[in-house]
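Asks: For reference, this is data_4.pdb, and it has PDB, C-alpha atoms.
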```pdb
ATOM      1  CA  MET A   1       0.000   0.000   0.000
ATOM      2  CA  SER A   2       1.514   3.336  -1.070
ATOM      3  CA  THR A   3       1.075   6.435   1.049
ATOM      4  CA  SER A   4       0.854   9.867  -0.552
ATOM      5  CA  LYS A   5       3.477  12.358   0.460
ATOM      6  CA  ILE A   6       2.076  14.885   2.920
ATOM      7  CA  LEU A   7       2.582  18.496   1.879
ATOM      8  CA  PRO A   8       5.269  20.187   4.008
ATOM      9  CA  TYR A   9       2.857  23.065   4.748
ATOM     10  CA  ALA A  10      -0.197  20.878   5.529
ATOM     11  CA  SER A  11      -0.140  21.824   9.221
ATOM     12  CA  VAL A  12      -0.260  25.535   8.283
ATOM     13  CA  VAL A  13      -3.263  24.951   5.998
ATOM     14  CA  VAL A  14      -5.111  23.262   8.871
ATOM     15  CA  LYS A  15      -4.259  26.160  11.223
ATOM     16  CA  LEU A  16      -5.410  28.742   8.664
ATOM     17  CA  LEU A  17      -8.728  26.944   8.181
ATOM     18  CA  LYS A  18      -9.281  27.142  11.950
ATOM     19  CA  GLY A  19      -8.384  30.836  12.236
ATOM     20  CA  PRO A  20      -5.633  33.434  11.866
ATOM     21  CA  VAL A  21      -1.951  32.577  12.268
ATOM     22  CA  GLU A  22       0.269  35.137  14.005
ATOM     23  CA  TYR A  23       4.016  35.707  14.186
ATOM     24  CA  VAL A  24       3.951  34.773  17.896
ATOM     25  CA  GLU A  25       3.327  31.154  16.800
ATOM     26  CA  LYS A  26       6.969  30.857  15.759
ATOM     27  CA  GLY A  27       6.979  27.427  14.064
ATOM     28  CA  ALA A  28       3.764  27.912  12.086
ATOM     29  CA  TRP A  29       4.679  31.508  11.142
ATOM     30  CA  GLU A  30       8.133  30.548   9.836
ATOM     31  CA  LYS A  31       6.642  27.689   7.817
ATOM     32  CA  LEU A  32       3.933  30.003   6.453
ATOM     33  CA  LEU A  33       6.559  32.505   5.246
ATOM     34  CA  GLN A  34       8.769  29.733   3.845
ATOM     35  CA  TYR A  35       5.921  28.218   1.794
ATOM     36  CA  LYS A  36       3.788  31.323   1.112
ATOM     37  CA  VAL A  37       3.927  30.872  -2.695
ATOM     38  CA  GLU A  38       2.959  27.190  -2.498
ATOM     39  CA  LEU A  39       0.311  27.933   0.148
ATOM     40  CA  THR A  40      -1.228  30.664  -2.009
ATOM     41  CA  GLY A  41      -1.453  28.302  -5.002
ATOM     42  CA  PHE A  42      -2.862  25.430  -2.950
ATOM     43  CA  LEU A  43      -5.493  27.593  -1.238
ATOM     44  CA  GLN A  44      -6.570  29.080  -4.588
ATOM     45  CA  GLN A  45      -7.456  25.553  -5.712
ATOM     46  CA  LEU A  46      -9.849  25.415  -2.738
ATOM     47  CA  GLY A  47     -11.406  28.765  -3.655
ATOM     48  CA  LEU A  48      -9.587  30.584  -0.854
ATOM     49  CA  LEU A  49      -7.306  33.619  -0.756
ATOM     50  CA  LEU A  50      -4.363  33.924   1.609
ATOM     51  CA  VAL A  51      -4.296  37.352   3.266
ATOM     52  CA  LEU A  52      -0.805  37.896   4.654
ATOM     53  CA  ASP A  53       0.489  40.982   6.452
ATOM     54  CA  GLU A  54       4.159  40.337   7.193
ATOM     55  CA  GLN A  55       4.714  43.729   8.820
ATOM     56  CA  ASP A  56       1.963  43.308  11.418
ATOM     57  CA  GLY A  57       2.569  39.569  11.645
ATOM     58  CA  TYR A  58      -0.735  37.879  10.822
ATOM     59  CA  ALA A  59      -2.305  35.791   8.087
ATOM     60  CA  PHE A  60      -5.783  34.432   7.461
ATOM     61  CA  VAL A  61      -7.832  32.988   4.620
ATOM     62  CA  LYS A  62     -10.988  34.301   3.023
ATOM     63  CA  HIS A  63     -13.262  32.991   0.299
ATOM     64  CA  ALA A  64     -12.308  33.927  -3.250
ATOM     65  CA  LEU A  65     -15.834  33.222  -4.512
ATOM     66  CA  SER A  66     -19.139  34.739  -3.478
ATOM     67  CA  GLU A  67     -21.881  32.606  -1.931
ATOM     68  CA  ASP A  68     -23.856  32.988  -5.175
ATOM     69  CA  ASP A  69     -21.156  31.240  -7.162
ATOM     70  CA  GLU A  70     -21.968  27.626  -8.128
ATOM     71  CA  ALA A  71     -18.503  26.420  -7.093
ATOM     72  CA  TYR A  72     -18.675  28.126  -3.658
ATOM     73  CA  VAL A  73     -17.745  25.912  -0.706
ATOM     74  CA  SER A  74     -17.621  27.306   2.831
ATOM     75  CA  TRP A  75     -14.267  26.406   4.390
ATOM     76  CA  THR A  76     -14.087  28.945   7.170
ATOM     77  CA  GLN A  77     -16.305  29.785  10.124
ATOM     78  CA  ARG A  78     -18.568  32.802   9.775
ATOM     79  CA  ARG A  79     -19.228  34.831  12.877
ATOM     80  CA  SER A  80     -22.050  37.248  13.319
ATOM     81  CA  PHE A  81     -21.921  39.966  15.937
ATOM     82  CA  SER A  82     -24.671  41.860  17.696
ATOM     83  CA  TYR A  83     -24.715  45.644  17.442
ATOM     84  CA  GLU A  84     -23.057  46.010  20.859
ATOM     85  CA  GLU A  85     -20.395  43.391  20.020
ATOM     86  CA  SER A  86     -19.656  45.234  16.775
ATOM     87  CA  ILE A  87     -19.200  48.455  18.721
ATOM     88  CA  MET A  88     -16.780  46.717  21.102
ATOM     89  CA  LEU A  89     -14.766  45.542  18.081
ATOM     90  CA  VAL A  90     -14.663  49.070  16.684
ATOM     91  CA  LEU A  91     -13.578  50.432  20.080
ATOM     92  CA  LEU A  92     -10.704  47.946  20.232
ATOM     93  CA  ARG A  93      -9.751  48.920  16.684
ATOM     94  CA  GLU A  94      -9.796  52.570  17.764
ATOM     95  CA  MET A  95      -7.467  51.685  20.666
ATOM     96  CA  MET A  96      -5.159  49.993  18.156
ATOM     97  CA  ALA A  97      -5.162  53.090  15.909
ATOM     98  CA  GLU A  98      -4.275  55.332  18.889
ATOM     99  CA  PHE A  99      -1.533  52.908  19.946
ATOM    100  CA  GLU A 100       0.028  52.872  16.473
ATOM    101  CA  ILE A 101       0.366  56.654  16.305
ATOM    102  CA  SER A 102       1.825  56.801  19.826
ATOM    103  CA  GLU A 103       5.561  56.731  20.527
ATOM    104  CA  SER A 104       5.369  53.267  22.102
ATOM    105  CA  ALA A 105       8.444  51.067  21.741
ATOM    106  CA  SER A 106       6.296  47.938  22.156
ATOM    107  CA  ARG A 107       5.112  45.979  19.125
ATOM    108  CA  GLU A 108       2.022  44.714  20.914
ATOM    109  CA  LEU A 109      -0.923  46.533  22.464
ATOM    110  CA  ILE A 110      -1.592  45.006  25.887
ATOM    111  CA  LYS A 111      -4.420  46.268  28.070
ATOM    112  CA  LYS A 112      -5.929  45.197  31.364
ATOM    113  CA  ARG A 113      -9.622  44.299  31.378
ATOM    114  CA  ARG A 114     -10.158  47.341  33.597
ATOM    115  CA  GLU A 115      -8.619  49.641  30.961
ATOM    116  CA  ILE A 116     -10.784  48.196  28.167
ATOM    117  CA  LYS A 117     -13.868  48.640  30.358
ATOM    118  CA  GLU A 118     -12.963  52.247  31.201
ATOM    119  CA  TYR A 119     -12.541  53.023  27.494
ATOM    120  CA  ALA A 120     -15.794  51.269  26.566
ATOM    121  CA  GLU A 121     -17.753  53.071  29.298
ATOM    122  CA  LEU A 122     -17.307  56.320  27.368
ATOM    123  CA  PHE A 123     -19.337  54.884  24.479
ATOM    124  CA  PHE A 124     -21.988  52.781  26.186
ATOM    125  CA  LYS A 125     -24.830  54.369  28.106
ATOM    126  CA  GLU A 126     -25.095  53.158  31.683
ATOM    127  CA  GLY A 127     -28.498  51.720  32.568
ATOM    128  CA  ALA A 128     -30.268  51.821  35.923
ATOM    129  CA  SER A 129     -27.966  49.185  37.424
ATOM    130  CA  ARG A 130     -24.202  49.841  37.360
ATOM    131  CA  ILE A 131     -23.448  46.204  38.254
ATOM    132  CA  LYS A 132     -25.535  44.940  35.322
ATOM    133  CA  PHE A 133     -23.916  47.519  33.036
ATOM    134  CA  LEU A 134     -20.366  46.426  33.946
ATOM    135  CA  LYS A 135     -21.334  42.739  33.596
ATOM    136  CA  GLU A 136     -22.554  43.470  30.061
ATOM    137  CA  ILE A 137     -19.244  45.124  29.165
ATOM    138  CA  ASP A 138     -17.433  42.072  30.619
ATOM    139  CA  ARG A 139     -19.643  39.847  28.432
ATOM    140  CA  LEU A 140     -18.721  41.874  25.339
ATOM    141  CA  ILE A 141     -15.009  41.588  26.161
ATOM    142  CA  ASP A 142     -15.376  37.800  26.629
ATOM    143  CA  LYS A 143     -17.251  37.483  23.315
ATOM    144  CA  VAL A 144     -14.534  39.396  21.446
ATOM    145  CA  GLU A 145     -11.868  37.204  23.088
ATOM    146  CA  GLU A 146     -13.813  34.071  22.121
ATOM    147  CA  SER A 147     -13.940  35.383  18.525
ATOM    148  CA  GLY A 148     -10.148  35.681  18.428
ATOM    149  CA  PHE A 149      -9.605  39.449  18.530
ATOM    150  CA  LEU A 150      -8.270  39.464  22.081
ATOM    151  CA  HIS A 151      -5.697  37.065  23.505
ATOM    152  CA  LYS A 152      -5.692  36.631  27.296
ATOM    153  CA  MET A 153      -2.067  36.965  28.392
ATOM    154  CA  GLU A 154      -2.561  35.829  31.980
ATOM    155  CA  ASN A 155      -5.249  34.928  34.458
ATOM    156  CA  HIS A 156      -5.429  37.085  37.548
ATOM    157  CA  GLU A 157      -7.369  36.499  40.753
ATOM    158  CA  VAL A 158      -8.803  40.008  40.297
ATOM    159  CA  ILE A 159     -10.724  39.761  37.020
ATOM    160  CA  ASP A 160     -10.202  43.447  36.148
ATOM    161  CA  GLU A 161      -6.421  42.937  36.325
ATOM    162  CA  GLN A 162      -6.419  40.268  33.571
ATOM    163  CA  LYS A 163      -4.162  41.325  30.697
ATOM    164  CA  PHE A 164      -5.186  41.016  27.053
ATOM    165  CA  ARG A 165      -3.235  41.472  23.853
ATOM    166  CA  ILE A 166      -5.342  43.149  21.187
ATOM    167  CA  ARG A 167      -4.571  41.049  18.125
ATOM    168  CA  LYS A 168      -3.538  42.933  15.000
ATOM    169  CA  ILE A 169      -5.901  40.838  12.899
ATOM    170  CA  ILE A 170      -8.543  43.337  14.050
ATOM    171  CA  LYS A 171      -7.034  45.808  11.546
ATOM    172  CA  ALA A 172      -8.023  43.539   8.664
ATOM    173  CA  LYS A 173     -11.517  42.893  10.006
ATOM    174  CA  VAL A 174     -12.329  46.480  11.053
ATOM    175  CA  ASP A 175     -10.803  48.777   8.461
ATOM    176  CA  SER A 176     -10.273  52.549   8.577
ATOM    177  CA  GLU A 177     -13.522  53.099   6.647
ATOM    178  CA  ALA A 178     -15.504  51.280   9.355
ATOM    179  CA  LEU A 179     -13.753  53.409  11.998
ATOM    180  CA  GLU A 180     -14.636  56.602  10.142
ATOM    181  CA  ASN A 181     -18.290  55.534   9.754
ATOM    182  CA  PHE A 182     -18.452  54.738  13.462
ATOM    183  CA  GLN A 183     -17.067  58.149  14.411
ATOM    184  CA  GLN A 184     -19.629  59.861  12.142
ATOM    185  CA  GLN A 185     -22.449  57.850  13.737
ATOM    186  CA  LEU A 186     -21.236  58.829  17.202
ATOM    187  CA  MET A 187     -21.274  62.495  16.254
ATOM    188  CA  ALA A 188     -24.774  62.099  14.813
ATOM    189  CA  HIS A 189     -26.118  60.671  18.094
ATOM    190  CA  ALA A 190     -26.705  63.123  20.900
ATOM    191  CA  GLY A 191     -24.062  62.594  23.573
ATOM    192  CA  GLY A 192     -22.302  60.000  21.396
ATOM    193  CA  VAL A 193     -23.272  56.987  23.502
ATOM    194  CA  VAL A 194     -24.866  53.645  22.769
ATOM    195  CA  ALA A 195     -27.119  51.866  25.259
ATOM    196  CA  ALA A 196     -25.777  48.565  26.550
ATOM    197  CA  GLU A 197     -28.756  46.302  27.222
TER     198      GLU A 197
END
```
Is it possible to express this structure as structure tokens?
Replies:
Amino acid sequence: MSTSKILPYASVVVKLLKGPVEYVEKGAWEKLLQYKVELTGFLQQLGLLLVLDEQDGYAFVKHALSEDDEAYVSWTQRRSFSYEESIMLVLLREMMAEFEISESASRELIKKRREIKEYAELFFKEGASRIKFLKEIDRLIDKVEESGFLHKMENHEVIDEQKFRIRKIIKAKVDSEALENFQQQLMAHAGGVVAAE
């Protein structure tokens, strides 16, 4: 019985189908860069495009065909976000934009849960119960982490002291046009706040 030779970048394909690959995953990232031409060709045969940003250190795949196309096959997970979750994503993207124009020597944006909550509080309208309001912001942070835009760096006995790395993949998913639209919407709303249910 003959066994087919396994592609040297097979493990990277599997990782990409599960989600983004970042430079912090040293082995996978080096293999991705080494075989990027072969990977691009292979993924195209599956109807996928490799999106690679070497400077920011992330890569992901997206469908090359639209859902209307006869040959369309869904290879990647689709996530839908509620209005409030979308706003949290945009707020994190805004934090990333501010970080990138700052004089920081760090390559990564790391924030404590408390800092993300304080930033988000400026944009969400507090309801009658402050405890319920803060729990909702915690839920939004957890949802964004679950969706892969935040990476928990460490657990802390005080939940607000947990550290998160805001993943640069957020730049590809929430572009500058989305940020601009969000800012215009905020200006259009009186007080520039959104109610967190």
Asks: How many Å separate atom CA of A:Gln162 from atom CA of A:Met88?
Replies: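 Between these atoms lies a distance of 17.4 Å.
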Asks: If we count only C-alpha atoms, what is near stretch 55-59 of chain A at a cut-off of 9 Å, once residues fewer than 6 positions away on the same chain are taken out, given as a list of chain:residue names?
Replies: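 My reading of the contact set: A:Leu16, A:Gly19, A:Pro20, A:Val21, A:Glu22, A:Tyr23, A:Val24, A:Trp29, A:Leu32, A:Arg107, A:Arg167, A:Lys168, A:Ile169.
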Asks: What does the distance between atom CA of A:Met95 and atom CA of A:Leu150 come to in Å, to one decimal place?
Replies: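 Computed distance, atom CA of A:Met95 to atom CA of A:Leu150, equals 12.3 Å.
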Asks: Each side padded by 3 Å, which centre and which edge lengths in Å (one decimal) define the axis-aligned box around the listed atoms of stretch 97-107 of chain A? Give them as AutoDock Vina command-line options.
Replies:
```
--center_x 1.6 --center_y 51.4 --center_z 19.0 --size_x 19.6 --size_y 16.8 --size_z 12.2
```
Asks: Evaluate the PyMOL selection byres ((chain A and resi 87) around 10) on the structure here and hand back the selected residues as a list of chain:residue names.
Replies: A:Phe81, A:Ser82, A:Tyr83, A:Glu84, A:Glu85, A:Ser86, A:Met88, A:Leu89, A:Val90, A:Leu91, A:Leu92, A:Arg93, A:Ala120, A:Phe123, A:Phe124, A:Leu140, A:Leu179, A:Phe182, A:Val194
Asks: Please write the residues picked by the PyMOL selection byres ((chain A and resi 112) around 8) on this file as a list of chain:residue names.
Replies: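 Output of the PyMOL selection byres ((chain A and resi 112) around 8): A:Ile110, A:Lys111, A:Arg113, A:Arg114, A:Glu115, A:Ile116, A:Asp160, A:Glu161, A:Gln162, A:Lys163, A:Phe164.
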Asks: Kindly provide, as a PyMOL selection string, the polymer residues lying within 9 Å of (5.6, 21.3, 1.7), counting all atoms listed in the file and using the coordinates exactly as they appear in the file.
Replies: chain A and resi 6-10+31+35+38-39
Asks: What does the distance between atom CA of A:Val13 and atom CA of A:Glu25 come to in Å, to one decimal place?
Replies: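 Computing it gives 14.1 Å between the two atoms.
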Asks: Show me the residues around (-7.3, 29.9, -1.4) - criterion: an atom at most 10 Å away, all atoms listed in the file counted - as a list in words.
Replies: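 The residues near that point, listed by chain and number, are Val13, Leu39, Thr40, Gly41, Phe42, Leu43, Gln44, Gln45, Leu46, Gly47, Leu48, Leu49, Leu50, Val51, Val61, Lys62, His63, Ala64, Leu65 and Trp75 of chain A.
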Asks: Skipping near chain neighbours, those fewer than 2 positions away, what residues fall within 12 Å of A:Leu134 using only C-alpha atoms, listed as a tab-separated table (two decimals) with C-alpha atoms, keeping the file's coordinate frame?
Replies:
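Final output, result_27.tsv:
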```tsv
chain	number	residue	atom	x	y	z
A	113	ARG	CA	-9.62	44.30	31.38
A	114	ARG	CA	-10.16	47.34	33.60
A	116	ILE	CA	-10.78	48.20	28.17
A	117	LYS	CA	-13.87	48.64	30.36
A	118	GLU	CA	-12.96	52.25	31.20
A	120	ALA	CA	-15.79	51.27	26.57
A	121	GLU	CA	-17.75	53.07	29.30
A	124	PHE	CA	-21.99	52.78	26.19
A	125	LYS	CA	-24.83	54.37	28.11
A	126	GLU	CA	-25.10	53.16	31.68
A	127	GLY	CA	-28.50	51.72	32.57
A	128	ALA	CA	-30.27	51.82	35.92
A	129	SER	CA	-27.97	49.18	37.42
A	130	ARG	CA	-24.20	49.84	37.36
A	131	ILE	CA	-23.45	46.20	38.25
A	132	LYS	CA	-25.54	44.94	35.32
A	136	GLU	CA	-22.55	43.47	30.06
A	137	ILE	CA	-19.24	45.12	29.16
A	138	ASP	CA	-17.43	42.07	30.62
A	139	ARG	CA	-19.64	39.85	28.43
A	140	LEU	CA	-18.72	41.87	25.34
A	141	ILE	CA	-15.01	41.59	26.16
A	160	ASP	CA	-10.20	43.45	36.15
A	196	ALA	CA	-25.78	48.56	26.55
A	197	GLU	CA	-28.76	46.30	27.22
```
